[in-house]
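Participant: Just so it is clear, I am handing over query.csv, which has CSV, C-alpha atoms.
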```csv
chain,number,residue,atom,x,y,z
A,25,MET,CA,0.0,0.0,0.0
A,26,ALA,CA,1.3,3.5,-0.9
A,27,TRP,CA,2.1,5.8,2.0
A,28,THR,CA,-0.3,8.7,2.5
A,29,GLU,CA,-1.0,11.3,5.2
A,30,LYS,CA,-3.4,8.7,6.8
A,31,ASP,CA,-0.2,6.8,7.8
A,32,ILE,CA,1.0,9.8,9.9
A,33,PRO,CA,1.1,8.7,13.6
A,34,ASP,CA,-0.5,10.5,16.5
A,35,LEU,CA,1.4,13.8,16.8
A,36,ARG,CA,-0.4,15.2,19.9
A,37,GLY,CA,2.1,17.0,22.2
A,38,ARG,CA,4.5,17.8,19.4
A,39,THR,CA,5.4,21.1,17.9
A,40,ALA,CA,6.1,21.5,14.2
A,41,VAL,CA,7.4,24.6,12.4
A,42,VAL,CA,6.7,24.7,8.6
A,43,THR,CA,8.2,27.4,6.4
A,44,GLY,CA,6.0,28.6,3.5
A,45,ALA,CA,3.0,27.0,5.3
A,46,ASN,CA,0.5,29.4,3.7
A,47,GLY,CA,0.4,27.8,0.2
A,48,GLY,CA,1.3,24.9,-2.0
A,49,LEU,CA,3.2,22.0,-0.4
A,50,GLY,CA,3.8,23.9,2.8
A,51,PHE,CA,0.1,24.4,3.3
A,52,GLN,CA,-0.6,20.7,2.7
A,53,THR,CA,2.2,19.8,5.1
A,54,ALA,CA,0.7,22.1,7.8
A,55,LEU,CA,-2.8,20.7,7.1
A,56,ALA,CA,-1.7,17.1,7.5
A,57,LEU,CA,0.4,17.7,10.6
A,58,ALA,CA,-2.4,19.7,12.3
A,59,GLY,CA,-4.8,16.9,11.4
A,60,ALA,CA,-2.5,14.4,13.2
A,61,GLY,CA,-2.6,16.5,16.3
A,62,ALA,CA,0.6,18.5,16.2
A,63,HIS,CA,0.8,22.1,17.2
A,64,VAL,CA,1.7,23.7,13.9
A,65,VAL,CA,3.6,27.0,13.6
A,66,LEU,CA,2.9,28.5,10.2
A,67,ALA,CA,6.0,30.4,9.4
A,68,ALA,CA,5.3,32.5,6.3
A,69,ARG,CA,5.7,35.9,4.8
A,70,ASP,CA,2.3,37.1,3.5
A,71,PRO,CA,-0.1,37.9,6.4
A,72,ALA,CA,-3.3,37.8,4.4
A,73,LYS,CA,-2.4,34.5,2.7
A,74,THR,CA,-1.4,33.0,6.0
A,75,ALA,CA,-4.7,34.1,7.6
A,76,ALA,CA,-6.6,32.4,4.8
A,77,ALA,CA,-4.5,29.2,5.3
A,78,VAL,CA,-5.4,29.2,9.0
A,79,ALA,CA,-9.0,29.5,8.1
A,80,ARG,CA,-8.8,26.6,5.6
A,81,ILE,CA,-7.0,24.4,8.1
A,82,THR,CA,-9.5,25.2,10.9
A,83,GLU,CA,-12.4,24.5,8.5
A,84,ARG,CA,-11.0,21.0,7.9
A,85,HIS,CA,-9.8,20.4,11.5
A,86,PRO,CA,-11.8,22.6,13.9
A,87,ALA,CA,-9.7,21.4,16.9
A,88,ALA,CA,-6.4,22.2,15.1
A,89,SER,CA,-3.7,23.9,17.2
A,90,LEU,CA,-2.2,26.6,15.1
A,91,GLU,CA,0.2,29.5,15.5
A,92,VAL,CA,1.3,32.1,13.0
A,93,VAL,CA,4.8,33.5,13.0
A,94,PRO,CA,5.8,36.0,10.3
A,95,LEU,CA,8.9,34.9,8.4
A,96,ASP,CA,10.8,36.5,5.6
A,97,LEU,CA,13.6,34.2,4.7
A,98,GLY,CA,15.2,36.9,2.6
A,99,ASP,CA,16.0,39.0,5.6
A,100,LEU,CA,18.2,37.6,8.4
A,101,SER,CA,16.9,40.0,11.0
A,102,ALA,CA,13.4,38.9,10.2
A,103,VAL,CA,14.5,35.3,10.5
A,104,LYS,CA,16.0,36.0,13.9
A,105,THR,CA,12.8,37.7,15.1
A,106,ALA,CA,10.7,34.7,13.9
A,107,ALA,CA,13.0,32.2,15.6
A,108,ASP,CA,13.0,34.3,18.8
A,109,THR,CA,9.2,34.2,18.8
A,110,VAL,CA,9.1,30.4,18.4
A,111,LEU,CA,11.7,30.0,21.2
A,112,ALA,CA,9.9,32.3,23.5
A,113,GLY,CA,6.7,30.2,23.2
A,114,HIS,CA,8.1,26.7,23.0
A,115,GLU,CA,10.7,24.8,25.1
A,116,ARG,CA,11.2,22.4,22.3
A,117,VAL,CA,10.5,22.0,18.6
A,118,ASP,CA,9.9,18.4,17.4
A,119,LEU,CA,9.7,19.0,13.6
A,120,LEU,CA,11.2,21.7,11.4
A,121,VAL,CA,10.2,21.5,7.7
A,122,ASN,CA,12.4,23.8,5.6
A,123,ASN,CA,9.9,23.9,2.7
A,124,ALA,CA,9.7,27.5,1.4
A,125,GLY,CA,11.5,28.5,-1.7
A,126,VAL,CA,11.6,30.4,-5.0
A,127,MET,CA,12.5,29.3,-8.5
A,128,ALA,CA,14.1,30.8,-11.5
A,129,MET,CA,14.0,34.4,-10.2
A,130,PRO,CA,15.5,37.4,-12.1
A,131,GLN,CA,18.8,38.5,-10.7
A,132,ARG,CA,18.0,40.1,-7.4
A,133,THR,CA,19.4,40.3,-3.9
A,134,THR,CA,17.9,39.8,-0.5
A,135,ALA,CA,17.9,42.4,2.3
A,136,ASP,CA,21.4,41.2,3.3
A,137,GLY,CA,22.8,41.3,-0.3
A,138,PHE,CA,22.6,37.6,-1.0
A,139,GLU,CA,21.6,36.3,-4.4
A,140,VAL,CA,17.9,35.8,-3.9
A,141,GLN,CA,17.6,32.0,-4.6
A,142,LEU,CA,20.6,31.0,-2.5
A,143,GLY,CA,19.5,33.5,0.1
A,144,VAL,CA,15.9,32.4,0.4
A,145,ASN,CA,16.2,28.7,-0.4
A,146,HIS,CA,19.3,28.0,1.6
A,147,LEU,CA,20.8,30.8,3.7
A,148,GLY,CA,17.5,31.8,5.3
A,149,HIS,CA,16.8,28.2,6.3
A,150,TRP,CA,20.4,27.9,7.5
A,151,ALA,CA,19.8,30.8,9.8
A,152,LEU,CA,16.4,29.6,11.0
A,153,THR,CA,17.7,26.1,11.7
A,154,ALA,CA,20.7,27.4,13.6
A,155,HIS,CA,18.5,29.7,15.8
A,156,LEU,CA,16.1,26.9,16.5
A,157,LEU,CA,18.8,24.3,17.2
A,158,PRO,CA,18.5,24.6,21.1
A,159,ALA,CA,14.8,23.8,21.0
A,160,LEU,CA,15.3,21.0,18.4
A,161,LEU,CA,17.9,19.4,20.6
A,162,ARG,CA,15.6,19.6,23.6
A,163,ALA,CA,13.1,17.4,21.8
A,164,PRO,CA,13.3,13.6,22.4
A,165,ALA,CA,13.9,12.9,18.7
A,166,ALA,CA,13.5,16.0,16.6
A,167,ARG,CA,13.5,15.9,12.8
A,168,VAL,CA,14.7,18.6,10.4
A,169,VAL,CA,13.4,18.0,6.8
A,170,THR,CA,14.9,20.1,4.0
A,171,VAL,CA,13.2,20.2,0.6
A,172,THR,CA,15.4,19.8,-2.4
A,173,SER,CA,14.7,19.2,-6.1
A,174,THR,CA,15.8,17.1,-9.0
A,175,ALA,CA,17.1,20.4,-10.4
A,176,ARG,CA,20.2,19.8,-8.2
A,177,HIS,CA,21.5,17.3,-10.7
A,178,ARG,CA,22.2,20.2,-13.1
A,179,ALA,CA,24.0,22.3,-10.5
A,180,ARG,CA,27.5,23.8,-10.7
A,181,ARG,CA,29.7,23.7,-7.7
A,182,LEU,CA,29.4,26.5,-5.2
A,183,ASP,CA,32.2,29.0,-5.7
A,184,PRO,CA,33.4,30.5,-2.4
A,185,ALA,CA,34.8,33.4,-4.3
A,186,ASP,CA,31.5,34.3,-5.9
A,187,PRO,CA,28.6,32.5,-4.0
A,188,HIS,CA,26.1,35.1,-5.2
A,189,LEU,CA,26.9,34.7,-8.9
A,190,ARG,CA,27.6,38.4,-9.5
A,191,ARG,CA,29.8,37.4,-12.5
A,192,ASP,CA,27.7,34.7,-14.1
A,193,TYR,CA,24.1,34.7,-13.2
A,194,GLY,CA,21.4,32.5,-14.7
A,195,PRO,CA,18.0,32.0,-13.2
A,196,TRP,CA,17.8,28.3,-13.7
A,197,SER,CA,21.5,27.6,-12.9
A,198,SER,CA,21.1,29.6,-9.7
A,199,TYR,CA,18.0,27.6,-8.8
A,200,ALA,CA,19.8,24.3,-9.4
A,201,ARG,CA,22.7,25.4,-7.2
A,202,SER,CA,20.3,26.5,-4.4
A,203,LYS,CA,18.7,23.0,-4.5
A,204,MET,CA,22.1,21.4,-4.4
A,205,ALA,CA,22.8,23.5,-1.4
A,206,ASN,CA,19.6,22.2,0.2
A,207,LEU,CA,20.9,18.6,-0.4
A,208,HIS,CA,24.3,19.3,1.1
A,209,PHE,CA,22.8,21.1,4.0
A,210,GLY,CA,20.6,18.2,4.9
A,211,LEU,CA,23.4,15.7,4.6
A,212,GLY,CA,25.9,18.0,6.5
A,213,LEU,CA,23.4,18.6,9.3
A,214,GLN,CA,22.9,14.8,9.7
A,215,GLN,CA,26.7,14.3,9.9
A,216,ARG,CA,26.9,16.8,12.7
A,217,PHE,CA,23.9,15.3,14.6
A,218,ALA,CA,25.5,11.9,14.3
A,219,SER,CA,29.0,13.1,15.3
A,220,ALA,CA,27.6,14.8,18.4
A,221,GLY,CA,25.6,11.7,19.4
A,222,VAL,CA,22.3,13.6,19.6
A,223,ALA,CA,18.8,12.0,18.9
A,224,ALA,CA,17.9,14.6,16.3
A,225,ALA,CA,17.8,13.6,12.6
A,226,SER,CA,18.1,15.5,9.4
A,227,LEU,CA,16.3,14.2,6.3
A,228,LEU,CA,15.6,15.3,2.8
A,229,ALA,CA,12.6,15.3,0.5
A,230,HIS,CA,11.8,16.4,-3.0
A,231,PRO,CA,8.2,16.7,-4.3
A,232,GLY,CA,8.7,15.7,-8.0
A,233,LEU,CA,6.6,17.6,-10.5
A,234,SER,CA,3.8,19.1,-8.4
A,235,ASN,CA,1.2,21.5,-9.6
A,236,THR,CA,1.6,24.5,-7.2
A,237,ASP,CA,2.0,28.2,-7.7
A,238,LEU,CA,5.8,27.8,-7.9
A,239,GLN,CA,5.9,27.5,-11.6
A,240,ALA,CA,3.3,30.2,-12.2
A,241,ARG,CA,5.2,32.6,-9.9
A,242,SER,CA,8.4,32.0,-11.8
A,243,VAL,CA,6.7,33.0,-15.0
A,244,ARG,CA,5.0,36.1,-13.4
A,245,GLU,CA,8.4,37.3,-12.0
A,246,GLY,CA,9.9,37.2,-15.5
A,247,GLY,CA,13.1,35.2,-14.9
A,248,ALA,CA,12.1,31.8,-16.1
A,249,GLY,CA,12.0,32.4,-19.8
A,250,PRO,CA,10.6,29.9,-22.3
A,251,LEU,CA,11.5,27.0,-20.0
A,252,GLY,CA,9.3,28.5,-17.3
A,253,ALA,CA,6.3,28.7,-19.6
A,254,PHE,CA,6.9,25.1,-20.6
A,255,PHE,CA,7.0,23.9,-17.1
A,256,GLU,CA,3.9,25.9,-16.1
A,257,VAL,CA,1.9,24.2,-18.9
A,258,MET,CA,3.4,20.8,-18.2
A,259,THR,CA,2.7,20.9,-14.5
A,260,ALA,CA,-0.9,22.1,-15.1
A,261,ARG,CA,-1.5,19.2,-17.4
A,262,SER,CA,0.4,16.3,-15.8
A,263,GLY,CA,1.8,17.4,-12.4
A,264,MET,CA,0.8,15.7,-9.2
A,265,THR,CA,-1.6,17.5,-6.9
A,266,PRO,CA,-0.2,19.5,-4.0
A,267,VAL,CA,-1.5,16.8,-1.7
A,268,GLU,CA,0.5,14.2,-3.5
A,269,GLY,CA,3.6,16.4,-3.8
A,270,ALA,CA,3.7,17.0,-0.1
A,271,ARG,CA,3.8,13.4,0.8
A,272,PRO,CA,7.6,12.9,0.5
A,273,GLN,CA,8.3,15.6,3.0
A,274,LEU,CA,5.5,14.4,5.3
A,275,ARG,CA,6.8,10.9,5.2
A,276,ALA,CA,10.4,12.2,6.0
A,277,ALA,CA,9.0,14.2,8.9
A,278,THR,CA,6.7,11.5,10.4
A,279,ASP,CA,7.4,8.0,9.3
A,280,PRO,CA,8.7,6.1,12.4
A,281,ARG,CA,10.9,4.0,10.2
A,282,ALA,CA,12.6,7.0,8.5
A,283,LYS,CA,16.2,7.7,9.5
A,284,GLY,CA,18.6,10.6,9.4
A,285,GLY,CA,20.3,11.1,6.1
A,286,GLU,CA,17.6,9.6,4.0
A,287,LEU,CA,15.8,11.1,1.0
A,288,TYR,CA,12.1,10.7,0.3
A,289,ALA,CA,10.7,11.4,-3.1
A,290,PRO,CA,8.2,10.1,-5.7
A,291,ARG,CA,9.0,6.5,-6.7
A,292,PHE,CA,9.4,7.4,-10.4
A,293,GLY,CA,11.4,10.6,-10.0
A,294,SER,CA,8.7,13.2,-11.0
A,295,HIS,CA,5.6,11.2,-10.1
A,296,GLY,CA,4.5,8.3,-7.9
A,297,PRO,CA,4.0,7.4,-4.3
A,298,ALA,CA,6.4,8.8,-1.6
A,299,VAL,CA,9.2,6.3,-1.1
A,300,ARG,CA,12.8,6.4,0.2
A,301,ARG,CA,15.2,7.0,-2.7
A,302,PRO,CA,18.9,6.5,-2.9
A,303,ILE,CA,21.2,9.5,-2.8
A,304,VAL,CA,23.7,9.5,-5.6
A,305,ARG,CA,27.1,10.1,-4.0
A,306,ARG,CA,29.1,12.4,-6.3
A,307,ARG,CA,32.8,12.9,-6.4
A,308,HIS,CA,33.9,15.7,-4.0
A,309,GLN,CA,30.6,15.6,-2.2
A,310,GLN,CA,32.1,15.9,1.2
A,311,GLU,CA,34.3,18.7,0.1
A,312,GLN,CA,31.2,20.5,-1.2
A,313,ILE,CA,29.4,20.0,2.1
A,314,ASP,CA,32.4,21.5,3.9
A,315,VAL,CA,32.6,24.4,1.5
A,316,LEU,CA,28.8,25.1,2.0
A,317,TRP,CA,29.3,25.2,5.8
A,318,GLN,CA,32.2,27.6,5.4
A,319,VAL,CA,30.4,29.9,3.0
A,320,SER,CA,27.1,29.8,5.0
A,321,GLU,CA,28.8,30.7,8.2
A,322,ARG,CA,30.8,33.4,6.6
A,323,GLU,CA,28.0,35.0,4.7
A,324,THR,CA,25.4,34.9,7.5
A,325,GLY,CA,27.7,35.4,10.4
A,326,ILE,CA,25.7,32.5,12.1
A,327,PRO,CA,27.6,29.4,13.1
A,328,LEU,CA,25.8,26.0,13.0
A,329,HIS,CA,27.6,23.7,15.4
A,330,VAL,CA,26.0,20.8,17.2
A,331,GLU,CA,27.4,20.1,20.7
A,332,SER,CA,27.5,16.7,22.3
A,333,PRO,CA,25.0,16.4,25.2
```
Turn the structure described in the file into structure tokens.
Facilitator:
Amino acid sequence: MAWTEKDIPDLRGRTAVVTGANGGLGFQTALALAGAGAHVVLAARDPAKTAAAVARITERHPAASLEVVPLDLGDLSAVKTAADTVLAGHERVDLLVNNAGVMAMPQRTTADGFEVQLGVNHLGHWALTAHLLPALLRAPAARVVTVTSTARHRARRLDPADPHLRRDYGPWSSYARSKMANLHFGLGLQQRFASAGVAAASLLAHPGLSNTDLQARSVREGGAGPLGAFFEVMTARSGMTPVEGARPQLRAATDPRAKGGELYAPRFGSHGPAVRRPIVRRRHQQEQIDVLWQVSERETGIPLHVESP
């Protein structure tokens, strides 16, 4: 039998933080976790859209335990404020789903001067995870799930001398690189959890071809070009539903059999039920993980070290 959100165990008493929880895969993730009894923190940028998401979840699950925390991943000060709000209200965080992201944006920078796709998709989540680390480590067996993409297979290596692609920017190559950063972040975080001997686990997920607003937004923003228009039409015609697309990250977050360092994705790459998929170990992968850590700490000024208990 294919895994679905009906297989999520009872999550009462657990706190989950979901980034980008007001739409698309993030909304479906928040909806399913709330339905399983978790207290869900919807960490998202657009207040009106988030309020609408809360109303939709409450309509489906009247007893849902929900909390809204404004989060702009493109502004490190806003990320710190969001994390401080979560920490002030919760002794522990059991689940962190690093879901939010942008795709094929025109060349832009974040509030901190980062290339926008690396800044939002990776560096913002790096900062959020680092700030929430004390609460994650206080949980009995926390999980951090980071969402990547098959676009990572087309990524160039991160250049420490030009991490923000000021010399050679391309919307799609930048997106691919940010998704490779997500993969390396998830793997590197698991290495640090394991080395420190803590119970927390870092897992990865990718949603395949899912029909959300991600493709349409890429076209609206004007950076995706003809390829963006092609993907928008293709996902509208043959993409999985957001419910189906959210299942890999939900399984990574909640399946009792899932383990740190694993990747969950559609069985057939872009489509299919959520299953554990092998991670192709590339040459120089450890070197690239180490470079990502160095660049991320340097650019954000935020260390991410896991201490032994």
Participant: Could you check how far atom CA of A:Pro86 sits from atom CA of A:Ala56, in Å to one decimal?
Facilitator: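 That distance, rounded to one decimal, is 13.2 Å.
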Participant: Might you pull out every residue within 12 Å of A:Ala75, with all atoms listed in the file counted and same-chain residues fewer than 6 positions away left off, and present them as a PyMOL selection string?
Facilitator: chain A and resi 45-47+51+66-69+81-82+90-94
Participant: Counting all atoms listed in the file, which residues of stretch 169-243 of chain A sit at most 7 Å from some atom of stretch 144-156 of chain A, and what is each one's closest atom pair with its distance in Å to one decimal, listed by chain and rising residue number, as a tab-separated table?
Facilitator:
```
residue	atom	partner	partner_atom	distance
A:Ser202	CA	A:Asn145	CA	6.1
A:Ala205	CA	A:His146	CA	6.4
A:Asn206	CA	A:His146	CA	6.0
```
Participant: For those residues, write C-alpha atoms to a file as a PDB file, in the frame of the given file.
Facilitator:
```pdb
ATOM      1  CA  SER A 202      20.300  26.500  -4.400  1.00  0.00           C
ATOM      2  CA  ALA A 205      22.800  23.500  -1.400  1.00  0.00           C
ATOM      3  CA  ASN A 206      19.600  22.200   0.200  1.00  0.00           C
TER       4      ASN A 206
END
```
Participant: Find the residues near A:Arg190: any atom within 10 Å, counting all atoms listed in the file, skip ones fewer than 5 places away on the same chain, and give them as a PyMOL selection string.
Facilitator: chain A and resi 131-132+138-139
Participant: Given only C-alpha atoms as the basis, pick out the residue of A:Asp34, A:Glu83, A:Asp70, A:Asp118 nearest to A:Leu95.
Facilitator: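 That would be A:Asp70, the residue with the smallest distance to A:Leu95.
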Participant: Check the smallest atom-to-atom distance from each of A:His63, A:Lys203, A:Arg305, A:His230 to A:Arg176 using all atoms listed in the file, then report the winner.
Facilitator: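 That would be A:Lys203, the residue with the smallest distance to A:Arg176.
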